[in-house]
>>> print(open('my_file-v5.pdb').read())   # PDB, C-alpha atoms
ATOM      1  CA  MET Y   1      41.224 -20.009 102.413
ATOM      2  CA  SER Y   2      38.321 -20.041 104.857
ATOM      3  CA  LEU Y   3      38.213 -17.835 107.937
ATOM      4  CA  TYR Y   4      38.362 -20.973 110.073
ATOM      5  CA  ARG Y   5      41.709 -21.960 108.530
ATOM      6  CA  HIS Y   6      43.117 -18.532 109.392
ATOM      7  CA  VAL Y   7      42.045 -18.527 113.053
ATOM      8  CA  LYS Y   8      41.482 -22.142 114.081
ATOM      9  CA  VAL Y   9      44.138 -22.018 116.829
ATOM     10  CA  ILE Y  10      44.445 -18.848 118.871
ATOM     11  CA  VAL Y  11      47.743 -18.890 120.693
ATOM     12  CA  PRO Y  12      50.230 -16.148 121.667
ATOM     13  CA  GLY Y  13      52.821 -15.773 118.935
ATOM     14  CA  MET Y  14      50.453 -17.065 116.247
ATOM     15  CA  SER Y  15      50.929 -15.641 112.774
ATOM     16  CA  LEU Y  16      48.055 -14.138 110.844
ATOM     17  CA  SER Y  17      47.912 -12.860 107.264
ATOM     18  CA  ARG Y  18      45.793  -9.899 108.143
ATOM     19  CA  ARG Y  19      44.437  -8.846 104.788
ATOM     20  CA  ALA Y  20      43.714 -12.387 103.673
ATOM     21  CA  ALA Y  21      42.004 -13.123 106.995
ATOM     22  CA  LEU Y  22      39.932  -9.936 106.733
ATOM     23  CA  ALA Y  23      38.773 -10.929 103.260
ATOM     24  CA  ALA Y  24      37.954 -14.421 104.543
ATOM     25  CA  THR Y  25      35.892 -12.851 107.328
ATOM     26  CA  ALA Y  26      33.817 -11.014 104.756
ATOM     27  CA  ARG Y  27      33.410 -14.188 102.698
ATOM     28  CA  SER Y  28      32.222 -16.101 105.765
ATOM     29  CA  LEU Y  29      29.404 -13.575 105.967
ATOM     30  CA  GLY Y  30      28.459 -14.112 102.346
ATOM     31  CA  VAL Y  31      29.702 -10.695 101.191
ATOM     32  CA  THR Y  32      29.923 -10.612  97.408
ATOM     33  CA  THR Y  33      31.948  -8.310  95.209
ATOM     34  CA  SER Y  34      31.339  -6.448  91.975
ATOM     35  CA  VAL Y  35      33.953  -8.549  90.140
ATOM     36  CA  GLU Y  36      32.736 -12.058  90.863
ATOM     37  CA  GLU Y  37      31.243 -12.565  87.421
ATOM     38  CA  SER Y  38      34.393 -11.268  85.734
ATOM     39  CA  ILE Y  39      36.551 -13.541  87.866
ATOM     40  CA  ARG Y  40      34.486 -16.568  86.890
ATOM     41  CA  GLU Y  41      34.632 -15.621  83.204
ATOM     42  CA  THR Y  42      38.372 -15.032  83.280
ATOM     43  CA  GLU Y  43      38.993 -18.321  85.057
ATOM     44  CA  ALA Y  44      36.870 -20.151  82.501
ATOM     45  CA  GLU Y  45      38.715 -18.455  79.649
ATOM     46  CA  LEU Y  46      42.061 -19.425  81.150
ATOM     47  CA  ARG Y  47      40.946 -23.020  81.490
ATOM     48  CA  SER Y  48      39.745 -23.073  77.895
ATOM     49  CA  LEU Y  49      43.151 -22.017  76.569
ATOM     50  CA  SER Y  50      44.929 -24.976  75.161
ATOM     51  CA  ASP Y  51      48.283 -25.784  76.681
ATOM     52  CA  PRO Y  52      50.778 -23.589  74.921
ATOM     53  CA  GLU Y  53      52.464 -25.356  72.067
ATOM     54  CA  PRO Y  54      56.179 -25.676  72.493
ATOM     55  CA  VAL Y  55      58.002 -22.846  70.787
ATOM     56  CA  PRO Y  56      60.132 -24.566  68.128
ATOM     57  CA  PRO Y  57      63.787 -24.464  69.164
ATOM     58  CA  ARG Y  58      65.770 -22.195  66.880
ATOM     59  CA  ALA Y  59      69.274 -22.244  68.300
ATOM     60  CA  GLU Y  60      70.455 -24.925  65.854
ATOM     61  CA  LEU Y  61      68.905 -23.027  62.924
ATOM     62  CA  ARG Y  62      70.585 -19.789  64.006
ATOM     63  CA  ARG Y  63      73.882 -21.629  64.245
ATOM     64  CA  GLN Y  64      73.428 -22.959  60.704
ATOM     65  CA  VAL Y  65      72.685 -19.490  59.354
ATOM     66  CA  ALA Y  66      75.810 -18.118  61.037
ATOM     67  CA  GLU Y  67      77.992 -21.010  59.847
ATOM     68  CA  THR Y  68      76.749 -20.984  56.257
ATOM     69  CA  ALA Y  69      77.270 -17.198  56.175
ATOM     70  CA  ALA Y  70      80.881 -17.610  57.291
ATOM     71  CA  ASP Y  71      81.344 -20.413  54.741
ATOM     72  CA  LEU Y  72      79.838 -18.248  52.001
ATOM     73  CA  GLU Y  73      82.239 -15.445  52.815
ATOM     74  CA  ALA Y  74      85.213 -17.831  52.674
ATOM     75  CA  LYS Y  75      84.073 -19.198  49.293
ATOM     76  CA  ARG Y  76      83.709 -15.672  47.906
ATOM     77  CA  GLU Y  77      87.226 -14.832  48.947
ATOM     78  CA  ARG Y  78      88.488 -18.017  47.349
ATOM     79  CA  VAL Y  79      86.832 -17.127  44.041
ATOM     80  CA  ALA Y  80      88.395 -13.637  44.154
ATOM     81  CA  THR Y  81      91.834 -15.029  44.886
ATOM     82  CA  VAL Y  82      91.733 -17.620  42.110
ATOM     83  CA  ARG Y  83      90.333 -15.068  39.677
ATOM     84  CA  GLY Y  84      93.319 -12.825  40.429
ATOM     85  CA  ARG Y  85      95.724 -15.659  39.736
ATOM     86  CA  LEU Y  86      93.873 -16.607  36.578
ATOM     87  CA  ARG Y  87      94.430 -13.118  35.149
ATOM     88  CA  GLU Y  88      98.174 -13.477  35.539
ATOM     89  CA  THR Y  89      98.512 -16.866  33.851
ATOM     90  CA  ASP Y  90      96.863 -19.135  31.312
ATOM     91  CA  ASP Y  91      97.658 -22.284  33.282
ATOM     92  CA  GLY Y  92      94.882 -24.832  32.695
ATOM     93  CA  ALA Y  93      95.133 -26.099  36.285
ATOM     94  CA  ILE Y  94      94.247 -22.650  37.633
ATOM     95  CA  GLU Y  95      91.294 -22.490  35.300
ATOM     96  CA  ALA Y  96      90.052 -25.792  36.742
ATOM     97  CA  ASP Y  97      90.591 -24.362  40.246
ATOM     98  CA  TYR Y  98      88.531 -21.375  39.265
ATOM     99  CA  ARG Y  99      85.655 -23.522  38.036
ATOM    100  CA  ASP Y 100      85.794 -25.512  41.303
ATOM    101  CA  ALA Y 101      85.774 -22.326  43.345
ATOM    102  CA  ILE Y 102      82.756 -21.028  41.437
ATOM    103  CA  ARG Y 103      80.879 -24.284  41.947
ATOM    104  CA  ALA Y 104      81.713 -24.291  45.666
ATOM    105  CA  LEU Y 105      80.501 -20.687  45.948
ATOM    106  CA  SER Y 106      77.241 -21.527  44.264
ATOM    107  CA  GLU Y 107      76.718 -24.470  46.635
ATOM    108  CA  ALA Y 108      77.469 -22.273  49.652
ATOM    109  CA  GLU Y 109      74.945 -19.718  48.416
ATOM    110  CA  THR Y 110      72.272 -22.393  48.130
ATOM    111  CA  GLU Y 111      73.014 -23.732  51.606
ATOM    112  CA  HIS Y 112      72.941 -20.296  53.172
ATOM    113  CA  ALA Y 113      69.663 -19.436  51.473
ATOM    114  CA  ALA Y 114      68.130 -22.714  52.687
ATOM    115  CA  ALA Y 115      69.338 -22.105  56.242
ATOM    116  CA  LYS Y 116      67.880 -18.592  56.253
ATOM    117  CA  GLU Y 117      64.568 -19.852  54.953
ATOM    118  CA  ALA Y 118      64.369 -22.598  57.569
ATOM    119  CA  LEU Y 119      65.065 -20.051  60.302
ATOM    120  CA  ALA Y 120      62.441 -17.650  58.950
ATOM    121  CA  ASP Y 121      59.855 -20.477  58.953
ATOM    122  CA  ALA Y 122      60.731 -21.424  62.519
ATOM    123  CA  ARG Y 123      60.449 -17.768  63.570
ATOM    124  CA  ASP Y 124      56.964 -17.576  62.089
ATOM    125  CA  ARG Y 125      55.921 -20.691  64.001
ATOM    126  CA  ALA Y 126      57.481 -19.334  67.188
ATOM    127  CA  ARG Y 127      55.441 -16.178  66.781
ATOM    128  CA  GLU Y 128      52.223 -18.174  66.542
ATOM    129  CA  ALA Y 129      53.130 -20.256  69.584
ATOM    130  CA  ARG Y 130      53.804 -17.047  71.480
ATOM    131  CA  ASP Y 131      50.411 -15.596  70.631
ATOM    132  CA  VAL Y 132      48.851 -18.218  72.930
ATOM    133  CA  ARG Y 133      51.371 -17.502  75.663
ATOM    134  CA  GLU Y 134      50.705 -13.809  75.343
ATOM    135  CA  ARG Y 135      46.989 -14.394  75.714
ATOM    136  CA  ARG Y 136      47.542 -16.562  78.792
ATOM    137  CA  LEU Y 137      49.767 -13.943  80.402
ATOM    138  CA  ARG Y 138      47.149 -11.242  79.842
ATOM    139  CA  LEU Y 139      44.423 -13.402  81.357
ATOM    140  CA  GLU Y 140      46.584 -14.260  84.369
ATOM    141  CA  ASP Y 141      47.297 -10.587  84.930
ATOM    142  CA  ARG Y 142      43.651  -9.728  84.543
ATOM    143  CA  LEU Y 143      42.668 -12.402  87.032
ATOM    144  CA  GLU Y 144      45.178 -11.124  89.565
ATOM    145  CA  ASN Y 145      43.885  -7.580  89.219
ATOM    146  CA  LEU Y 146      40.318  -8.750  89.659
ATOM    147  CA  GLU Y 147      41.244 -10.776  92.720
ATOM    148  CA  ARG Y 148      43.011  -7.782  94.223
ATOM    149  CA  ARG Y 149      39.952  -5.674  93.606
ATOM    150  CA  ALA Y 150      37.696  -8.350  95.134
ATOM    151  CA  ARG Y 151      39.880  -8.497  98.205
ATOM    152  CA  GLU Y 152      39.768  -4.722  98.609
ATOM    153  CA  GLU Y 153      36.006  -4.738  98.395
ATOM    154  CA  LEU Y 154      35.720  -7.599 100.885
ATOM    155  CA  ILE Y 155      38.038  -5.871 103.320
ATOM    156  CA  ALA Y 156      36.193  -2.581 103.020
ATOM    157  CA  ALA Y 157      32.924  -4.375 103.734
ATOM    158  CA  VAL Y 158      33.996  -5.701 107.157
ATOM    159  CA  SER Y 159      36.699  -3.270 108.287
ATOM    160  CA  PRO Y 160      34.423  -0.993 110.335
ATOM    161  CA  ALA Y 161      32.879  -3.926 112.209
ATOM    162  CA  VAL Y 162      36.303  -5.447 112.852
ATOM    163  CA  GLU Y 163      37.666  -2.132 114.169
ATOM    164  CA  THR Y 164      34.732  -1.904 116.542
ATOM    165  CA  ALA Y 165      35.215  -5.496 117.716
ATOM    166  CA  LEU Y 166      38.924  -4.844 118.224
ATOM    167  CA  SER Y 167      38.194  -1.900 120.457
ATOM    168  CA  ARG Y 168      36.174  -4.241 122.670
ATOM    169  CA  VAL Y 169      38.550  -7.206 122.866
ATOM    170  CA  PRO Y 170      38.746  -8.113 126.580
ATOM    171  CA  ASN Y 171      41.953  -7.439 128.511
ATOM    172  CA  ARG Y 172      43.561  -5.465 125.690
ATOM    173  CA  ASP Y 173      43.484  -1.982 124.323
ATOM    174  CA  PRO Y 174      44.759  -2.368 120.771
ATOM    175  CA  PRO Y 175      45.264   0.936 118.943
ATOM    176  CA  SER Y 176      44.088  -0.083 115.437
ATOM    177  CA  PHE Y 177      43.789  -3.080 113.160
ATOM    178  CA  ASP Y 178      47.232  -2.747 111.633
ATOM    179  CA  ALA Y 179      48.982  -2.250 114.972
ATOM    180  CA  ALA Y 180      46.996  -4.817 116.936
ATOM    181  CA  ASP Y 181      48.621  -8.060 118.064
ATOM    182  CA  PRO Y 182      47.603 -11.177 116.086
ATOM    183  CA  VAL Y 183      45.620 -12.717 118.936
ATOM    184  CA  SER Y 184      43.436  -9.621 119.425
ATOM    185  CA  THR Y 185      42.973  -9.325 115.676
ATOM    186  CA  ALA Y 186      41.995 -12.965 115.314
ATOM    187  CA  LEU Y 187      39.482 -12.692 118.151
ATOM    188  CA  ALA Y 188      37.899  -9.656 116.520
ATOM    189  CA  LEU Y 189      37.689 -11.469 113.176
ATOM    190  CA  ILE Y 190      35.998 -14.481 114.795
ATOM    191  CA  ARG Y 191      33.487 -12.220 116.531
ATOM    192  CA  VAL Y 192      32.624 -10.463 113.265
ATOM    193  CA  GLY Y 193      32.752 -13.457 110.945
ATOM    194  CA  ARG Y 194      30.743 -16.641 110.886
ATOM    195  CA  ILE Y 195      32.436 -19.811 112.125
ATOM    196  CA  GLU Y 196      30.771 -23.135 112.788
ATOM    197  CA  THR Y 197      33.720 -25.401 113.522
ATOM    198  CA  PRO Y 198      35.073 -24.961 117.063
ATOM    199  CA  ILE Y 199      38.125 -22.732 117.491
ATOM    200  CA  THR Y 200      40.944 -23.834 119.772
ATOM    201  CA  LEU Y 201      41.636 -21.082 122.308
ATOM    202  CA  ALA Y 202      45.022 -21.144 123.997
ATOM    203  CA  CYS Y 203      45.189 -17.542 125.129
ATOM    204  CA  ARG Y 204      44.224 -16.055 128.484
ATOM    205  CA  ARG Y 205      41.717 -13.517 127.361
ATOM    206  CA  PHE Y 206      38.559 -15.100 128.727
ATOM    207  CA  PRO Y 207      37.846 -16.469 132.220
ATOM    208  CA  ASP Y 208      36.008 -19.527 130.855
ATOM    209  CA  ARG Y 209      34.679 -21.232 127.761
ATOM    210  CA  ASP Y 210      31.158 -19.824 128.050
ATOM    211  CA  SER Y 211      32.264 -16.225 128.199
ATOM    212  CA  ALA Y 212      34.610 -16.873 125.279
ATOM    213  CA  GLU Y 213      31.790 -18.320 123.164
ATOM    214  CA  ARG Y 214      29.503 -15.463 124.130
ATOM    215  CA  TRP Y 215      32.019 -12.838 123.118
ATOM    216  CA  LEU Y 216      33.275 -14.622 120.006
ATOM    217  CA  LYS Y 217      29.814 -15.787 118.912
ATOM    218  CA  ALA Y 218      31.512 -19.028 117.821
ATOM    219  CA  PRO Y 219      32.062 -22.515 119.253
ATOM    220  CA  VAL Y 220      35.288 -22.868 121.214
ATOM    221  CA  TYR Y 221      37.622 -25.495 122.692
ATOM    222  CA  ARG Y 222      39.537 -23.957 125.527
ATOM    223  CA  LEU Y 223      42.970 -25.229 126.532
TER     224      LEU Y 223
ATOM    225  CA  MET S 224      70.336  -2.715  71.318
ATOM    226  CA  LEU S 225      68.815  -5.988  72.419
ATOM    227  CA  LEU S 226      65.063  -6.172  72.808
ATOM    228  CA  LEU S 227      63.874  -8.673  75.392
ATOM    229  CA  VAL S 228      60.232  -9.729  75.504
ATOM    230  CA  THR S 229      58.852 -12.152  78.087
ATOM    231  CA  TYR S 230      55.799 -14.392  77.763
ATOM    232  CA  SER S 231      55.114 -15.686  81.277
ATOM    233  CA  GLN S 232      54.835 -14.264  84.764
ATOM    234  CA  ALA S 233      57.957 -16.136  85.878
ATOM    235  CA  ALA S 234      60.018 -14.835  82.947
ATOM    236  CA  ARG S 235      58.698 -11.322  83.522
ATOM    237  CA  ASN S 236      59.757 -11.466  87.165
ATOM    238  CA  SER S 237      63.242 -12.609  86.197
ATOM    239  CA  LEU S 238      63.481  -9.762  83.697
ATOM    240  CA  ARG S 239      62.447  -7.243  86.347
ATOM    241  CA  ASN S 240      65.073  -8.571  88.718
ATOM    242  CA  VAL S 241      67.736  -8.260  86.039
ATOM    243  CA  CYS S 242      66.622  -4.699  85.260
ATOM    244  CA  ARG S 243      66.826  -3.803  88.938
ATOM    245  CA  THR S 244      70.228  -5.295  89.580
ATOM    246  CA  HIS S 245      71.990  -4.395  86.316
ATOM    247  CA  GLU S 246      70.923  -0.834  85.582
ATOM    248  CA  GLU S 247      74.231  -0.197  83.808
ATOM    249  CA  SER S 248      73.339  -2.631  81.015
ATOM    250  CA  VAL S 249      69.627  -1.881  80.808
ATOM    251  CA  VAL S 250      68.712   1.029  78.558
ATOM    252  CA  ARG S 251      64.954   0.914  79.288
ATOM    253  CA  GLY S 252      62.566  -1.378  81.099
ATOM    254  CA  PHE S 253      58.920  -1.641  80.003
ATOM    255  CA  GLY S 254      57.522  -4.194  82.414
ATOM    256  CA  ARG S 255      57.481  -7.405  80.447
ATOM    257  CA  ALA S 256      59.945  -6.089  77.866
ATOM    258  CA  ALA S 257      63.254  -4.256  78.062
ATOM    259  CA  LEU S 258      66.069  -2.865  75.965
ATOM    260  CA  PHE S 259      69.565  -3.974  76.900
ATOM    261  CA  GLU S 260      72.803  -2.336  75.824
ATOM    262  CA  ALA S 261      74.425  -3.915  72.763
ATOM    263  CA  THR S 262      77.415  -5.048  74.784
ATOM    264  CA  GLU S 263      78.622  -8.490  75.685
ATOM    265  CA  HIS S 264      77.233  -7.913  79.146
ATOM    266  CA  GLY S 265      73.815  -7.077  77.672
ATOM    267  CA  ALA S 266      73.990 -10.270  75.611
ATOM    268  CA  PHE S 267      75.151 -12.230  78.653
ATOM    269  CA  LEU S 268      72.130 -11.067  80.659
ATOM    270  CA  ALA S 269      69.785 -11.809  77.754
ATOM    271  CA  LEU S 270      71.182 -15.285  77.219
ATOM    272  CA  ARG S 271      70.963 -16.053  80.930
ATOM    273  CA  LEU S 272      67.274 -15.142  80.859
ATOM    274  CA  ARG S 273      66.681 -17.359  77.855
ATOM    275  CA  GLU S 274      68.578 -20.180  79.510
ATOM    276  CA  LYS S 275      66.292 -19.874  82.534
ATOM    277  CA  HIS S 276      63.028 -19.524  80.549
ATOM    278  CA  PRO S 277      63.781 -21.001  77.114
ATOM    279  CA  GLU S 278      60.217 -20.865  75.835
ATOM    280  CA  ASP S 279      59.202 -17.543  77.286
ATOM    281  CA  VAL S 280      62.013 -15.162  76.431
ATOM    282  CA  GLN S 281      62.362 -13.599  72.999
ATOM    283  CA  ILE S 282      65.549 -11.761  72.061
ATOM    284  CA  GLU S 283      65.787  -9.462  69.063
ATOM    285  CA  ARG S 284      68.457  -7.041  68.005
ATOM    286  CA  THR S 285      67.190  -3.554  67.225
ATOM    287  CA  GLU S 286      68.662  -1.040  64.812
ATOM    288  CA  PRO S 287      68.362   2.738  64.893
ATOM    289  CA  PHE S 288      65.661   3.821  62.486
ATOM    290  CA  ASN S 289      66.692   6.268  59.776
ATOM    291  CA  GLU S 290      63.625   7.272  57.821
ATOM    292  CA  PHE S 291      65.743   9.013  55.186
ATOM    293  CA  ARG S 292      67.534   5.790  54.378
ATOM    294  CA  GLU S 293      64.772   3.260  54.835
ATOM    295  CA  VAL S 294      61.524   4.937  53.897
ATOM    296  CA  ARG S 295      60.688   6.459  50.571
ATOM    297  CA  GLU S 296      59.833  10.135  50.524
ATOM    298  CA  ALA S 297      56.155   9.610  49.642
ATOM    299  CA  VAL S 298      55.593   7.844  52.962
ATOM    300  CA  ARG S 299      57.319  10.532  54.995
ATOM    301  CA  VAL S 300      55.384  13.259  53.207
ATOM    302  CA  ALA S 301      52.111  11.376  53.712
ATOM    303  CA  ALA S 302      52.708  11.006  57.447
ATOM    304  CA  ARG S 303      53.437  14.698  57.842
ATOM    305  CA  ALA S 304      50.493  15.760  55.690
ATOM    306  CA  TYR S 305      48.060  13.467  57.494
ATOM    307  CA  GLU S 306      49.084  14.748  60.923
ATOM    308  CA  CYS S 307      48.455  18.300  59.673
ATOM    309  CA  ARG S 308      45.005  17.470  58.255
ATOM    310  CA  GLU S 309      42.266  19.974  58.844
ATOM    311  CA  CYS S 310      39.610  17.548  59.981
ATOM    312  CA  PRO S 311      40.920  15.283  62.768
ATOM    313  CA  SER S 312      38.204  12.655  62.235
ATOM    314  CA  THR S 313      39.169  11.886  58.624
ATOM    315  CA  PRO S 314      40.559   8.348  58.436
ATOM    316  CA  TYR S 315      43.762   7.972  56.447
ATOM    317  CA  ALA S 316      42.120   5.796  53.802
ATOM    318  CA  LYS S 317      39.772   8.641  52.944
ATOM    319  CA  PHE S 318      42.511  11.237  53.235
ATOM    320  CA  ALA S 319      44.615   9.367  50.660
ATOM    321  CA  VAL S 320      41.873   9.254  48.002
ATOM    322  CA  ASP S 321      42.536  11.694  45.147
ATOM    323  CA  SER S 322      45.797  12.735  46.747
ATOM    324  CA  PRO S 323      49.417  12.072  45.836
ATOM    325  CA  HIS S 324      49.736   9.948  49.002
ATOM    326  CA  PRO S 325      50.030   6.148  48.983
ATOM    327  CA  THR S 326      46.924   4.129  49.851
ATOM    328  CA  PRO S 327      46.821   2.155  53.109
ATOM    329  CA  GLU S 328      46.903  -1.028  51.038
ATOM    330  CA  GLU S 329      50.107   0.053  49.318
ATOM    331  CA  LEU S 330      51.662   0.926  52.658
ATOM    332  CA  ARG S 331      50.775  -2.444  54.086
ATOM    333  CA  THR S 332      52.113  -4.509  51.209
ATOM    334  CA  ARG S 333      55.394  -2.690  50.556
ATOM    335  CA  GLU S 334      58.180  -3.809  52.822
ATOM    336  CA  LEU S 335      60.917  -1.502  54.011
TER     337      LEU S 335
END
>>> encode(input="my_file-v5.pdb", output="structure tokens")
Amino acid sequence: MSLYRHVKVIVPGMSLSRRAALAATARSLGVTTSVEESIRETEAELRSLSDPEPVPPRAELRRQVAETAADLEAKRERVATVRGRLRETDDGAIEADYRDAIRALSEAETEHAAAKEALADARDRAREARDVRERRLRLEDRLENLERRAREELIAAVSPAVETALSRVPNRDPPSFDAADPVSTALALIRVGRIETPITLACRRFPDRDSAERWLKAPVYRL
Amino acid sequence: MLLLVTYSQAARNSLRNVCRTHEESVVRGFGRAALFEATEHGAFLALRLREKHPEDVQIERTEPFNEFREVREAVRVAARAYECRECPSTPYAKFAVDSPHPTPEELRTREL
């Protein structure tokens, strides 16, 4: 955001994001930072990342694995039960039951194995999809760190001049940048920074427009 | 325990908030990842996070690692021997040559 956008209307009770406005002041003066190249590179890299592929949904596959496992367990128990009965009798019907139970168990085993395999495949694909997301997250973090560093450098570059300007703001004696009221701070930033679009002044710090423009070194509308 | 890993700034912020407000169910926080207690409350928190960020929250269940049950002795011995090596700059691949220790290739291809 340009310095102008931060300070375009100077009015008692105005709000000012101090650190952002300080950085904007430095930018208005053409101050550059040591991280500009890295910021540009990181932004370009972020743009070049393809949109992350959707991570394949796996809830249904997990449910199938859980259900086929429960089914498998039930079929195993059934085989054990029928086998026990088979030992006690030579009834042909029980033998047929036993064969059925064995077949059902074998089917359940196949289904469970298939469900597990499908889930494992989906997990592999999810991992790949997350690699891109991971990369994006790292770049976003890197960009934020670089921007923080840039802001610190910008602020350091203009802070002394702004402190000096603050100490000379007419009709006020602000103690320091952080404790100063927003109007005084904004006036100091305008005086230090470069602004070509007229500022709207609605504070009673200057007797007239000319003296305001002289002190602020910027064009002014006075209300 | 439940291992939570996040893959976006929004999901990471949600995880941090959960870690801050539910210390009793969070065993450890590591920024974008965390370990939750293996309780229903831990699972509840994990599932809520996944509900909120379905694509960007990974949930895994961890198990305590027992090297005496899961790792063959040769690997344990090799790890100890390598950490006691005389020359700190020797890479493991070189260290393993002409020794009873498994090669890096063997280690990589054998699953636990």
>>> closest_atom_pairs(input="my_file-v5.pdb", of="chain S", to="chain Y", cutoff="8 Å", atoms="only C-alpha atoms", output="Markdown table")
| residue | atom | partner | partner_atom | distance |
| --- | --- | --- | --- | --- |
| S:Tyr230 | CA | Y:Glu134 | CA | 5.7 |
| S:Ser231 | CA | Y:Leu137 | CA | 5.7 |
| S:Gln232 | CA | Y:Leu137 | CA | 6.7 |
| S:Glu278 | CA | Y:Val55 | CA | 5.9 |
| S:Asp279 | CA | Y:Arg130 | CA | 7.9 |
>>> write_last_selection(input="my_file-v5.pdb", atoms="C-alpha atoms", output="PDB file, in the frame of the given file")
ATOM      1  CA  TYR S 230      55.799 -14.392  77.763  1.00  0.00           C
ATOM      2  CA  SER S 231      55.114 -15.686  81.277  1.00  0.00           C
ATOM      3  CA  GLN S 232      54.835 -14.264  84.764  1.00  0.00           C
ATOM      4  CA  GLU S 278      60.217 -20.865  75.835  1.00  0.00           C
ATOM      5  CA  ASP S 279      59.202 -17.543  77.286  1.00  0.00           C
TER       6      ASP S 279
END
>>> atom_distance(input="my_file-v5.pdb", atom1="CA of Leu223 (chain Y)", atom2="CA of Cys203 (chain Y)")
8.1 Å
>>> resolve_selection(input="my_file-v5.pdb", expression="the PyMOL selection byres ((chain Y and resi 154) around 9)", output="VMD selection string")
chain Y and resid 22 to 27 31 to 33 149 to 153 155 to 159
>>> write_last_selection(input="my_file-v5.pdb", atoms="C-alpha atoms", output="compact mmCIF listing (two decimals), in the frame of the given file")
# COMPACT_ATOMS: atom_id res chain seq x y z
CA LEU Y 22 39.93 -9.94 106.73
CA ALA Y 23 38.77 -10.93 103.26
CA ALA Y 24 37.95 -14.42 104.54
CA THR Y 25 35.89 -12.85 107.33
CA ALA Y 26 33.82 -11.01 104.76
CA ARG Y 27 33.41 -14.19 102.70
CA VAL Y 31 29.70 -10.70 101.19
CA THR Y 32 29.92 -10.61 97.41
CA THR Y 33 31.95 -8.31 95.21
CA ARG Y 149 39.95 -5.67 93.61
CA ALA Y 150 37.70 -8.35 95.13
CA ARG Y 151 39.88 -8.50 98.20
CA GLU Y 152 39.77 -4.72 98.61
CA GLU Y 153 36.01 -4.74 98.40
CA ILE Y 155 38.04 -5.87 103.32
CA ALA Y 156 36.19 -2.58 103.02
CA ALA Y 157 32.92 -4.38 103.73
CA VAL Y 158 34.00 -5.70 107.16
CA SER Y 159 36.70 -3.27 108.29
>>> closest_residue(input="my_file-v5.pdb", among="Y:Ala59, Y:Ala212, Y:Leu29, Y:Ala93", to="Ser2 (chain Y)", atoms="only C-alpha atoms")
Y:Leu29
>>> resolve_selection(input="my_file-v5.pdb", expression="the PyMOL selection byres ((chain Y and resi 116) around 12)", output="NGL selection string")
:Y and (58 or 60-69 or 109-115 or 117-123)
>>> resolve_selection(input="my_file-v5.pdb", expression="the PyMOL selection byres ((chain S and resi 325) around 10)", output="PyMOL selection string")
chain S and resi 297-298+300-301+315-316+319-320+322-324+326-330
>>> decode(input="my_file-v5.pdb", residues="region 154-169 of chain Y", atoms="C-alpha atoms", output="mmCIF file, in the first residue's frame")
data_model
loop_
_atom_site.group_PDB
_atom_site.id
_atom_site.type_symbol
_atom_site.label_atom_id
_atom_site.label_comp_id
_atom_site.auth_asym_id
_atom_site.auth_seq_id
_atom_site.Cartn_x
_atom_site.Cartn_y
_atom_site.Cartn_z
ATOM 1 C CA LEU Y 154 12.648 -0.238 5.159
ATOM 2 C CA ILE Y 155 11.652 0.917 8.617
ATOM 3 C CA ALA Y 156 15.246 1.104 9.786
ATOM 4 C CA ALA Y 157 16.102 3.210 6.745
ATOM 5 C CA VAL Y 158 13.639 6.019 7.564
ATOM 6 C CA SER Y 159 13.170 5.769 11.333
ATOM 7 C CA PRO Y 160 15.808 8.357 12.284
ATOM 8 C CA ALA Y 161 14.419 10.929 9.844
ATOM 9 C CA VAL Y 162 10.865 10.278 11.026
ATOM 10 C CA GLU Y 163 11.880 10.660 14.687
ATOM 11 C CA THR Y 164 13.492 13.979 13.862
ATOM 12 C CA ALA Y 165 10.421 15.158 11.939
ATOM 13 C CA LEU Y 166 8.190 14.088 14.823
ATOM 14 C CA SER Y 167 10.174 16.172 17.253
ATOM 15 C CA ARG Y 168 9.437 19.194 15.066
ATOM 16 C CA VAL Y 169 5.725 18.673 14.420
#
